[in-house]
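Q: This is the content of structure_38.txt (compact mmCIF, C-alpha atoms):
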# COMPACT_ATOMS: atom_id res chain seq x y z
CA MET Y 1 22.38 -10.73 -9.65
CA ILE Y 2 21.20 -8.02 -7.31
CA LYS Y 3 19.51 -8.30 -3.93
CA ALA Y 4 15.98 -6.92 -3.58
CA ASP Y 5 13.81 -6.62 -0.48
CA PHE Y 6 10.40 -5.59 -1.81
CA HIS Y 7 8.50 -5.32 1.45
CA ILE Y 8 9.55 -2.59 3.89
CA HIS Y 9 7.34 -0.34 6.05
CA THR Y 10 8.13 3.16 7.25
CA VAL Y 11 7.16 4.92 10.46
CA LEU Y 12 3.90 5.84 8.71
CA SER Y 13 2.52 2.34 9.24
CA PRO Y 14 1.03 2.27 12.75
CA CYS Y 15 3.09 -0.84 13.46
CA GLY Y 16 6.24 0.65 11.88
CA ASP Y 17 9.02 1.53 14.32
CA ILE Y 18 9.91 5.17 14.90
CA GLU Y 19 13.40 4.44 13.54
CA MET Y 20 11.93 3.58 10.10
CA THR Y 21 12.77 6.94 8.54
CA PRO Y 22 13.96 7.55 4.96
CA VAL Y 23 17.63 8.00 5.84
CA ASN Y 24 17.73 5.06 8.26
CA ILE Y 25 15.97 2.70 5.86
CA VAL Y 26 18.24 3.61 2.95
CA ASN Y 27 21.41 3.43 5.06
CA VAL Y 28 20.57 0.00 6.46
CA ALA Y 29 19.55 -1.26 3.00
CA LYS Y 30 22.90 -0.11 1.62
CA GLU Y 31 24.82 -1.68 4.49
CA ARG Y 32 23.09 -5.00 3.83
CA GLY Y 33 23.89 -4.92 0.11
CA LEU Y 34 20.33 -4.36 -1.13
CA SER Y 35 20.21 -2.66 -4.54
CA VAL Y 36 16.40 -2.56 -4.66
CA ILE Y 37 13.92 -2.01 -1.85
CA GLY Y 38 10.14 -1.69 -1.91
CA ILE Y 39 8.40 0.85 0.32
CA CYS Y 40 4.87 -0.27 1.00
CA ASP Y 41 3.11 1.10 4.05
CA HIS Y 42 -0.35 -0.14 4.95
CA ASN Y 43 -2.84 1.55 2.61
CA SER Y 44 -0.72 4.65 2.07
CA THR Y 45 1.99 5.85 -0.27
CA LEU Y 46 2.69 9.08 1.57
CA ASN Y 47 6.21 8.31 2.81
CA ALA Y 48 7.33 6.38 -0.25
CA ARG Y 49 8.43 9.26 -2.45
CA VAL Y 50 10.87 10.73 0.07
CA VAL Y 51 12.50 7.33 0.58
CA ARG Y 52 12.93 7.05 -3.19
CA GLU Y 53 14.57 10.48 -3.31
CA VAL Y 54 17.01 9.60 -0.53
CA GLY Y 55 17.65 6.20 -2.10
CA ALA Y 56 18.41 7.74 -5.49
CA GLU Y 57 21.20 9.81 -3.90
CA CYS Y 58 22.70 6.76 -2.22
CA GLY Y 59 22.50 4.20 -5.02
CA VAL Y 60 19.52 2.26 -3.66
CA TYR Y 61 16.65 1.90 -6.14
CA VAL Y 62 13.33 2.35 -4.30
CA MET Y 63 10.09 0.85 -5.62
CA THR Y 64 7.17 2.94 -4.40
CA GLY Y 65 3.67 1.78 -3.63
CA ALA Y 66 1.56 0.45 -0.78
CA GLU Y 67 0.45 -2.73 0.94
CA ILE Y 68 -3.28 -2.60 0.30
CA THR Y 69 -5.81 -4.51 2.40
CA THR Y 70 -8.53 -5.91 0.14
CA SER Y 71 -12.18 -6.38 1.10
CA GLU Y 72 -11.30 -10.04 1.72
CA GLU Y 73 -8.61 -8.75 4.13
CA ILE Y 74 -5.76 -9.98 1.96
CA HIS Y 75 -2.57 -7.91 2.01
CA VAL Y 76 -1.40 -7.08 -1.51
CA LEU Y 77 1.70 -5.13 -2.58
CA ILE Y 78 1.15 -2.65 -5.41
CA PHE Y 79 4.10 -0.78 -6.95
CA VAL Y 80 3.86 1.99 -9.53
CA ASP Y 81 6.34 3.90 -11.68
CA GLY Y 82 6.74 7.62 -11.11
CA ASN Y 83 5.20 10.37 -9.04
CA GLU Y 84 2.06 10.82 -11.10
CA ALA Y 85 1.14 7.15 -10.82
CA LEU Y 86 1.94 7.26 -7.11
CA ASP Y 87 -0.44 10.19 -6.57
CA LYS Y 88 -3.09 8.35 -8.54
CA LEU Y 89 -2.63 5.25 -6.41
CA GLN Y 90 -2.90 7.34 -3.23
CA LYS Y 91 -6.19 8.86 -4.41
CA TYR Y 92 -7.50 5.43 -5.35
CA ILE Y 93 -6.75 4.06 -1.87
CA GLU Y 94 -8.15 7.14 -0.10
CA LYS Y 95 -11.38 6.73 -2.03
CA HIS Y 96 -11.76 3.09 -1.06
CA ILE Y 97 -10.43 2.68 2.48
CA ASN Y 98 -13.00 2.11 5.23
CA ARG Y 99 -12.33 5.10 7.46
CA VAL Y 100 -12.17 4.52 11.18
CA PRO Y 101 -10.40 7.07 13.41
CA ASN Y 102 -6.98 5.89 14.59
CA ASN Y 103 -6.32 5.54 18.29
CA PRO Y 104 -2.52 6.02 18.47
CA ASP Y 105 -2.35 4.55 21.98
CA LEU Y 106 -3.74 1.28 20.69
CA PHE Y 107 -2.35 1.11 17.17
CA GLY Y 108 0.56 3.56 17.05
CA TYR Y 109 1.21 6.89 15.37
CA GLN Y 110 0.93 7.40 11.59
CA PRO Y 111 3.26 10.29 10.73
CA VAL Y 112 4.07 11.56 7.26
CA ILE Y 113 7.65 12.80 7.46
CA ASP Y 114 10.29 14.52 5.37
CA ARG Y 115 13.88 13.46 4.84
CA CYS Y 116 14.99 15.36 7.96
CA GLU Y 117 12.41 13.46 10.03
CA ASN Y 118 10.15 16.46 10.52
CA ILE Y 119 6.51 15.44 10.92
CA LEU Y 120 4.52 16.99 8.07
CA ASP Y 121 1.17 15.44 8.87
CA GLN Y 122 -0.45 12.66 10.87
CA VAL Y 123 -2.96 10.42 9.12
CA ASP Y 124 -6.01 10.47 11.39
CA TYR Y 125 -7.81 7.36 10.11
CA LEU Y 126 -6.55 3.86 10.81
CA LEU Y 127 -4.31 2.74 7.98
CA ILE Y 128 -4.46 -0.97 8.76
CA ASN Y 129 -8.20 -1.14 8.12
CA SER Y 130 -9.44 -2.77 4.92
CA THR Y 131 -10.55 -1.14 1.69
CA ASP Y 132 -13.72 -2.06 -0.20
CA LEU Y 133 -11.57 -3.23 -3.12
CA SER Y 134 -11.62 -6.95 -3.89
CA ILE Y 135 -8.46 -8.71 -5.01
CA ASP Y 136 -10.01 -8.86 -8.49
CA ASP Y 137 -10.41 -5.06 -8.40
CA LEU Y 138 -6.70 -4.68 -7.60
CA GLU Y 139 -5.76 -7.04 -10.42
CA ASP Y 140 -7.87 -4.88 -12.77
CA TYR Y 141 -6.20 -1.71 -11.47
CA ALA Y 142 -2.72 -3.17 -11.94
CA GLY Y 143 -3.60 -4.47 -15.39
CA SER Y 144 -4.97 -1.16 -16.62
CA SER Y 145 -2.36 1.12 -15.01
CA GLY Y 146 0.81 -0.90 -15.51
CA ALA Y 147 1.34 -1.38 -11.78
CA ILE Y 148 3.11 -4.40 -10.31
CA ILE Y 149 0.86 -6.58 -8.14
CA ILE Y 150 2.27 -9.06 -5.63
CA PRO Y 151 0.10 -10.71 -2.96
CA ALA Y 152 2.07 -10.39 0.29
CA HIS Y 153 3.22 -13.28 2.53
CA ILE Y 154 0.67 -15.59 0.89
CA ASN Y 155 1.34 -18.43 3.32
CA LYS Y 156 0.99 -16.47 6.58
CA PRO Y 157 -1.83 -17.64 8.85
CA SER Y 158 -3.54 -14.24 8.73
CA ASN Y 159 -4.24 -11.55 6.12
CA SER Y 160 -2.87 -13.71 3.34
CA LEU Y 161 -4.24 -14.96 0.04
CA ILE Y 162 -4.28 -18.51 1.37
CA SER Y 163 -5.73 -17.73 4.83
CA GLN Y 164 -8.53 -15.60 3.37
CA LEU Y 165 -9.32 -17.45 0.14
CA GLY Y 166 -8.16 -20.97 0.97
CA PHE Y 167 -5.90 -21.34 -2.05
CA ILE Y 168 -4.56 -19.35 -4.99
CA PRO Y 169 -7.46 -18.59 -7.37
CA ALA Y 170 -6.90 -20.02 -10.83
CA GLY Y 171 -6.17 -17.43 -13.49
CA SER Y 172 -4.91 -14.75 -11.09
CA ARG Y 173 -2.98 -11.94 -12.75
CA PHE Y 174 -0.03 -11.44 -10.40
CA ASN Y 175 3.49 -10.37 -11.35
CA ALA Y 176 4.85 -12.46 -8.49
CA VAL Y 177 3.84 -13.91 -5.14
CA GLU Y 178 5.60 -13.24 -1.86
CA ILE Y 179 6.34 -16.25 0.32
CA PHE Y 180 6.98 -15.78 4.03
CA PRO Y 181 9.88 -18.13 4.85
CA GLU Y 182 8.89 -18.63 8.49
CA SER Y 183 5.43 -20.05 7.71
CA PRO Y 184 4.88 -23.42 6.03
CA LEU Y 185 3.79 -23.67 2.39
CA SER Y 186 1.95 -26.86 1.51
CA PRO Y 187 3.11 -28.83 -1.54
CA ALA Y 188 -0.26 -28.13 -3.21
CA ASP Y 189 0.07 -24.38 -2.66
CA ARG Y 190 3.70 -24.45 -3.81
CA GLU Y 191 2.58 -26.19 -6.99
CA ALA Y 192 -0.19 -23.59 -7.50
CA CYS Y 193 2.34 -20.73 -7.25
CA SER Y 194 4.83 -22.35 -9.57
CA CYS Y 195 3.51 -20.29 -12.49
CA TYR Y 196 4.43 -17.07 -10.64
CA ARG Y 197 7.79 -15.68 -9.67
CA MET Y 198 8.20 -16.50 -5.97
CA LEU Y 199 9.78 -13.77 -3.85
CA THR Y 200 10.88 -13.65 -0.27
CA SER Y 201 11.13 -10.36 1.53
CA SER Y 202 11.47 -9.08 5.06
CA ASP Y 203 8.16 -7.28 5.73
CA ALA Y 204 10.41 -5.14 7.94
CA HIS Y 205 8.79 -2.89 10.52
CA TYR Y 206 12.14 -2.38 12.35
CA THR Y 207 15.49 -1.42 10.87
CA HIS Y 208 17.16 -4.62 12.09
CA HIS Y 209 14.72 -6.67 9.97
CA ILE Y 210 15.54 -4.91 6.69
CA GLY Y 211 17.06 -7.46 4.33
CA LYS Y 212 16.47 -10.35 6.75
CA PHE Y 213 14.86 -12.04 3.75
CA TYR Y 214 15.45 -10.88 0.19
CA THR Y 215 15.24 -12.08 -3.39
CA GLU Y 216 18.10 -12.34 -5.87
CA LEU Y 217 17.08 -10.91 -9.22
CA ASP Y 218 18.77 -10.76 -12.58
CA VAL Y 219 17.95 -7.14 -13.47
CA ASN Y 220 19.27 -5.41 -16.56
CA LEU Y 221 21.13 -2.19 -15.83
CA PRO Y 222 20.37 0.58 -15.24
CA ILE Y 223 17.93 -0.57 -12.59
CA SER Y 224 14.48 0.81 -13.41
CA PHE Y 225 10.83 -0.04 -12.81
CA ASN Y 226 10.53 -1.66 -16.22
CA ASN Y 227 13.77 -3.61 -15.88
CA ILE Y 228 12.59 -4.94 -12.51
CA LEU Y 229 9.22 -5.81 -14.06
CA ASP Y 230 11.07 -7.70 -16.81
CA ALA Y 231 13.21 -9.49 -14.22
CA LEU Y 232 10.07 -10.75 -12.47
CA LYS Y 233 8.82 -12.44 -15.64
CA MET J 234 -34.47 -30.58 6.55
CA ASN J 235 -33.38 -29.73 3.04
CA VAL J 236 -32.07 -26.41 1.72
CA LYS J 237 -35.42 -25.42 0.26
CA GLU J 238 -37.25 -25.86 3.57
CA LEU J 239 -34.50 -24.00 5.42
CA ALA J 240 -34.62 -21.15 2.90
CA GLU J 241 -38.36 -20.80 3.38
CA LYS J 242 -38.23 -20.92 7.18
CA ALA J 243 -35.29 -18.52 7.50
CA ASN J 244 -36.58 -16.27 4.75
CA LEU J 245 -33.47 -16.58 2.58
CA ASN J 246 -33.43 -15.46 -1.03
CA LEU J 247 -32.01 -17.73 -3.72
CA PHE J 248 -29.31 -16.32 -6.00
CA SER J 249 -28.36 -19.50 -7.87
CA GLY J 250 -28.02 -23.26 -7.78
CA ALA J 251 -31.72 -24.19 -7.60
CA ALA J 252 -30.81 -27.71 -8.68
CA GLY J 253 -29.33 -28.24 -5.22
CA LEU J 254 -32.34 -27.15 -3.16
CA ASP J 255 -33.08 -30.76 -2.18
CA ARG J 256 -29.66 -31.15 -0.52
CA GLN J 257 -30.00 -32.24 3.10
CA VAL J 258 -28.79 -29.81 5.75
CA THR J 259 -26.90 -31.51 8.58
CA GLY J 260 -25.66 -28.40 10.36
CA GLY J 261 -24.01 -25.04 9.81
CA TYR J 262 -20.60 -23.38 9.88
CA SER J 263 -20.01 -19.62 10.25
CA SER J 264 -16.60 -18.32 9.14
CA ASP J 265 -15.06 -15.81 6.74
CA LEU J 266 -11.67 -17.48 6.46
CA LEU J 267 -11.76 -19.94 3.60
CA SER J 268 -8.73 -21.77 4.93
CA ASP J 269 -10.66 -22.36 8.17
CA VAL J 270 -13.73 -23.62 6.31
CA MET J 271 -11.55 -25.95 4.25
CA GLY J 272 -10.11 -27.31 7.47
CA TYR J 273 -13.14 -27.58 9.70
CA ALA J 274 -16.50 -27.45 7.89
CA SER J 275 -18.29 -30.78 7.34
CA GLU J 276 -20.30 -32.32 4.55
CA GLY J 277 -23.94 -31.22 4.48
CA GLN J 278 -23.45 -28.01 6.47
CA VAL J 279 -24.69 -24.63 5.30
CA TRP J 280 -21.87 -22.10 5.30
CA ILE J 281 -22.63 -18.60 6.58
CA THR J 282 -20.17 -15.97 5.33
CA LEU J 283 -19.64 -12.49 3.91
CA GLN J 284 -16.99 -13.65 1.43
CA LYS J 285 -18.18 -13.54 -2.17
CA HIS J 286 -15.03 -14.35 -4.10
CA ARG J 287 -15.35 -17.24 -6.59
CA ASN J 288 -13.17 -19.44 -4.35
CA ILE J 289 -16.16 -19.92 -2.01
CA MET J 290 -17.72 -22.21 -4.62
CA ALA J 291 -14.60 -24.35 -4.86
CA VAL J 292 -14.48 -24.67 -1.07
CA ALA J 293 -18.20 -25.55 -0.90
CA SER J 294 -17.72 -28.14 -3.59
CA LEU J 295 -14.59 -29.60 -2.00
CA LYS J 296 -16.31 -29.96 1.38
CA ASP J 297 -19.65 -31.02 -0.18
CA LEU J 298 -21.50 -28.30 1.71
CA ALA J 299 -25.29 -28.06 1.36
CA ALA J 300 -25.39 -24.33 0.53
CA ILE J 301 -23.70 -20.99 1.04
CA ILE J 302 -25.55 -18.15 2.79
CA LEU J 303 -24.27 -14.62 2.19
CA VAL J 304 -25.02 -12.22 5.03
CA LYS J 305 -25.72 -8.47 5.31
CA GLY J 306 -27.22 -8.18 1.84
CA PHE J 307 -23.98 -9.08 0.07
CA GLU J 308 -24.48 -10.32 -3.46
CA PRO J 309 -22.35 -12.94 -5.19
CA GLU J 310 -19.95 -12.05 -8.01
CA PRO J 311 -21.09 -13.24 -11.47
CA ASP J 312 -18.50 -16.02 -11.54
CA VAL J 313 -19.91 -17.34 -8.24
CA LEU J 314 -23.37 -17.61 -9.82
CA GLU J 315 -21.97 -19.50 -12.76
CA LEU J 316 -20.07 -21.99 -10.57
CA SER J 317 -23.04 -22.41 -8.24
CA GLU J 318 -25.24 -23.41 -11.19
CA LYS J 319 -22.57 -25.75 -12.51
CA GLU J 320 -21.95 -27.43 -9.15
CA GLY J 321 -25.63 -27.47 -8.12
CA ILE J 322 -24.78 -25.88 -4.77
CA PRO J 323 -27.26 -23.12 -3.88
CA VAL J 324 -26.08 -19.64 -2.97
CA LEU J 325 -28.60 -17.90 -0.74
CA GLY J 326 -28.71 -14.49 0.87
CA THR J 327 -30.05 -12.63 3.87
CA GLN J 328 -30.04 -9.02 5.04
CA LYS J 329 -29.20 -10.21 8.55
CA GLN J 330 -25.69 -10.28 9.96
CA ALA J 331 -23.90 -13.55 10.70
CA PHE J 332 -24.68 -13.74 14.43
CA GLU J 333 -28.40 -13.32 13.89
CA ILE J 334 -28.82 -15.70 10.97
CA SER J 335 -26.54 -18.29 12.61
CA GLY J 336 -28.71 -18.23 15.75
CA GLU J 337 -31.87 -18.51 13.74
CA ILE J 338 -30.62 -21.44 11.67
CA PHE J 339 -29.18 -23.14 14.75
CA ASN J 340 -32.66 -23.12 16.29
CA LEU J 341 -34.32 -24.31 13.09
CA ILE J 342 -32.16 -27.38 12.61
CA LYS J 343 -31.19 -28.38 16.17
As structure tokens, please, write out the structure in this file.

A:
Amino acid sequence: MIKADFHIHTVLSPCGDIEMTPVNIVNVAKERGLSVIGICDHNSTLNARVVREVGAECGVYVMTGAEITTSEEIHVLIFVDGNEALDKLQKYIEKHINRVPNNPDLFGYQPVIDRCENILDQVDYLLINSTDLSIDDLEDYAGSSGAIIIPAHINKPSNSLISQLGFIPAGSRFNAVEIFPESPLSPADREACSCYRMLTSSDAHYTHHIGKFYTELDVNLPISFNNILDALK
Amino acid sequence: MNVKELAEKANLNLFSGAAGLDRQVTGGYSSDLLSDVMGYASEGQVWITLQKHRNIMAVASLKDLAAIILVKGFEPEPDVLELSEKEGIPVLGTQKQAFEISGEIFNLIK
């Protein structure tokens, strides 16, 4: 069994702490015994690749993707395999996000950084805004591209599958669902998710939250995207 | 007032669920969070929303709502139309935004 925390933000997310840099995230993950982490900033993949590169050197496998806000304002984690798929995902999000200029004083800065914490760029539109993609659109995208789709913190009182859509739609095509341990999950909703792998993760925006919640997975070695996908089944 | 009369007076267009046009309208509820509607809407209300996911039909059916009104020119997904016909709960539409149509309907049925 390995420990996986699939839901970690970097400094790129406006709400992500300035300490959430590639080296810090990987070091803390390693300290806490996490073998797999997921990097999913709000509606952007732009810091994910560098975290994966640092992770690969330190023995932490990094899943790369984004936490996409759907048109229903549901937060959904999408992970893809490899740089080409990551670039494609980034273009897909950029095409569909509703662009509103960011006000860093209100929402925070959105820096794209390198491994040495140099700022390469600042995203000028607000990353926490929604896209015009419905949750069904994201399920189609995941299905056709081989991405992993996991609705985030489905039982949170805001921006969750249950808050926005009332309950889990029948016939949804998710690889797993993420449960937030600090919010209640009704018996009916628990029953409705029983056909999906249930994960818990930290949704860390600060280094001290990394690994606060994690999931134990039976992953075949070597750890890879496909072996993690298999372990979620 | 029934749904048909309300639709005529508020100039709403009918997408589906004509079989339910004689449902009595007892009030309205404006919200885009389905969990909120499940918790607080009442039987016989028309529900004003911009959500068009198929789950809106299940919520309308569960709460025995009179009709759903989609705002801002939003159109229902095909599976919403199918469920609306099956459940006999009309789905209507308006170009107006929620504040305006809510105010108008409030005045019509008060």

Q: Do me a favour and pick out the residues of chain Y within 8 Å of chain J, using all atoms listed in the file, as a VMD selection string.

A: chain Y and resid 72 162 to 167 169

Q: For Glu337 of chain J, which residue among J:Ala252, J:Ala274, J:Ile281, J:Ala300 is the nearest when counting only C-alpha atoms?

A: J:Ile281

Q: Suppose you want the space between atom CA of Phe213 of chain Y and atom CA of Lys3 of chain Y; what is it in Å?

A: 9.7 Å

Q: I'd like the interatomic distance between atom CA of Asp189 of chain Y and atom CA of Val177 of chain Y, to a tenth of an Å.

A: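 So the two atoms, atom CA of Asp189 of chain Y and atom CA of Val177 of chain Y, lie 11.4 Å apart.
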
Q: Skip Asp137 of chain Y itself and residues of its chain fewer than 2 positions away, then list as a ChimeraX atom specification all residues within 12 Å of it, counting only C-alpha atoms.

A: /Y:68-72,76,92-93,96,131-135,139-144,149,172-173 /J:286,310

Q: Which one is closest to Phe107 of chain Y: Y:Leu12, Y:Ala231, Y:Ala188, Y:Leu221? Count all atoms listed in the file.

A: Y:Leu12

Q: Between Y:Ala170, Y:Ala176, Y:Val26, Y:Ile74, which has the minimum distance to Leu229 of chain Y (counting all atoms listed in the file)?

A: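 Checking each candidate against Leu229 of chain Y, we get Y:Ala176 as the closest.
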
Q: Which is closer to Ala152 of chain Y than all the others in Y:Phe225, Y:Tyr206, Y:Phe180, Y:Tyr109, using only C-alpha atoms?

A: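 When distances to Ala152 of chain Y are compared using only C-alpha atoms, the smallest one comes from Y:Phe180.
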
Q: Taking into account all atoms listed in the file, which residue in the set J:Ser335, J:Gln330, J:Met290, J:Thr259 is nearest to Pro311 of chain J?

A: J:Met290

Q: So the first atom is atom CA of Pro151 of chain Y and the second is atom CA of Glu178 of chain Y; what is the distance between them in Å, to one decimal place?

A: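 A separation of 6.2 Å between them.
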
Q: May I have the residues within 10 Å of His42 of chain Y as a list in words, using all atoms listed in the file and disregarding those fewer than 5 positions away in the same chain?

A: His9, Thr10, Leu12, Ser13, Pro14, Cys15, Gly16, Gly65, Ala66, Glu67, Ile68, Thr69, His75, Val76, Leu77, Leu126, Leu127, Ile128, Asn129 and Ser130 of chain Y

Q: Filtering to C-alpha atoms, could you give me those residues as a PDB file, keeping the file's coordinate frame?

A:
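And here is the file that came out, selection-v3.pdb:
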ATOM      1  CA  HIS Y   9       7.340  -0.340   6.050  1.00  0.00           C
ATOM      2  CA  THR Y  10       8.130   3.160   7.250  1.00  0.00           C
ATOM      3  CA  LEU Y  12       3.900   5.840   8.710  1.00  0.00           C
ATOM      4  CA  SER Y  13       2.520   2.340   9.240  1.00  0.00           C
ATOM      5  CA  PRO Y  14       1.030   2.270  12.750  1.00  0.00           C
ATOM      6  CA  CYS Y  15       3.090  -0.840  13.460  1.00  0.00           C
ATOM      7  CA  GLY Y  16       6.240   0.650  11.880  1.00  0.00           C
ATOM      8  CA  GLY Y  65       3.670   1.780  -3.630  1.00  0.00           C
ATOM      9  CA  ALA Y  66       1.560   0.450  -0.780  1.00  0.00           C
ATOM     10  CA  GLU Y  67       0.450  -2.730   0.940  1.00  0.00           C
ATOM     11  CA  ILE Y  68      -3.280  -2.600   0.300  1.00  0.00           C
ATOM     12  CA  THR Y  69      -5.810  -4.510   2.400  1.00  0.00           C
ATOM     13  CA  HIS Y  75      -2.570  -7.910   2.010  1.00  0.00           C
ATOM     14  CA  VAL Y  76      -1.400  -7.080  -1.510  1.00  0.00           C
ATOM     15  CA  LEU Y  77       1.700  -5.130  -2.580  1.00  0.00           C
ATOM     16  CA  LEU Y 126      -6.550   3.860  10.810  1.00  0.00           C
ATOM     17  CA  LEU Y 127      -4.310   2.740   7.980  1.00  0.00           C
ATOM     18  CA  ILE Y 128      -4.460  -0.970   8.760  1.00  0.00           C
ATOM     19  CA  ASN Y 129      -8.200  -1.140   8.120  1.00  0.00           C
ATOM     20  CA  SER Y 130      -9.440  -2.770   4.920  1.00  0.00           C
TER      21      SER Y 130
END

Q: Please list as an MDAnalysis selection string every residue within 9 Å of Ile210 of chain Y, counting only C-alpha atoms and excluding residues in the same chain fewer than 3 positions away.

A: chainID Y and resid 5 7:8 25 28:29 32 201:207 213:214
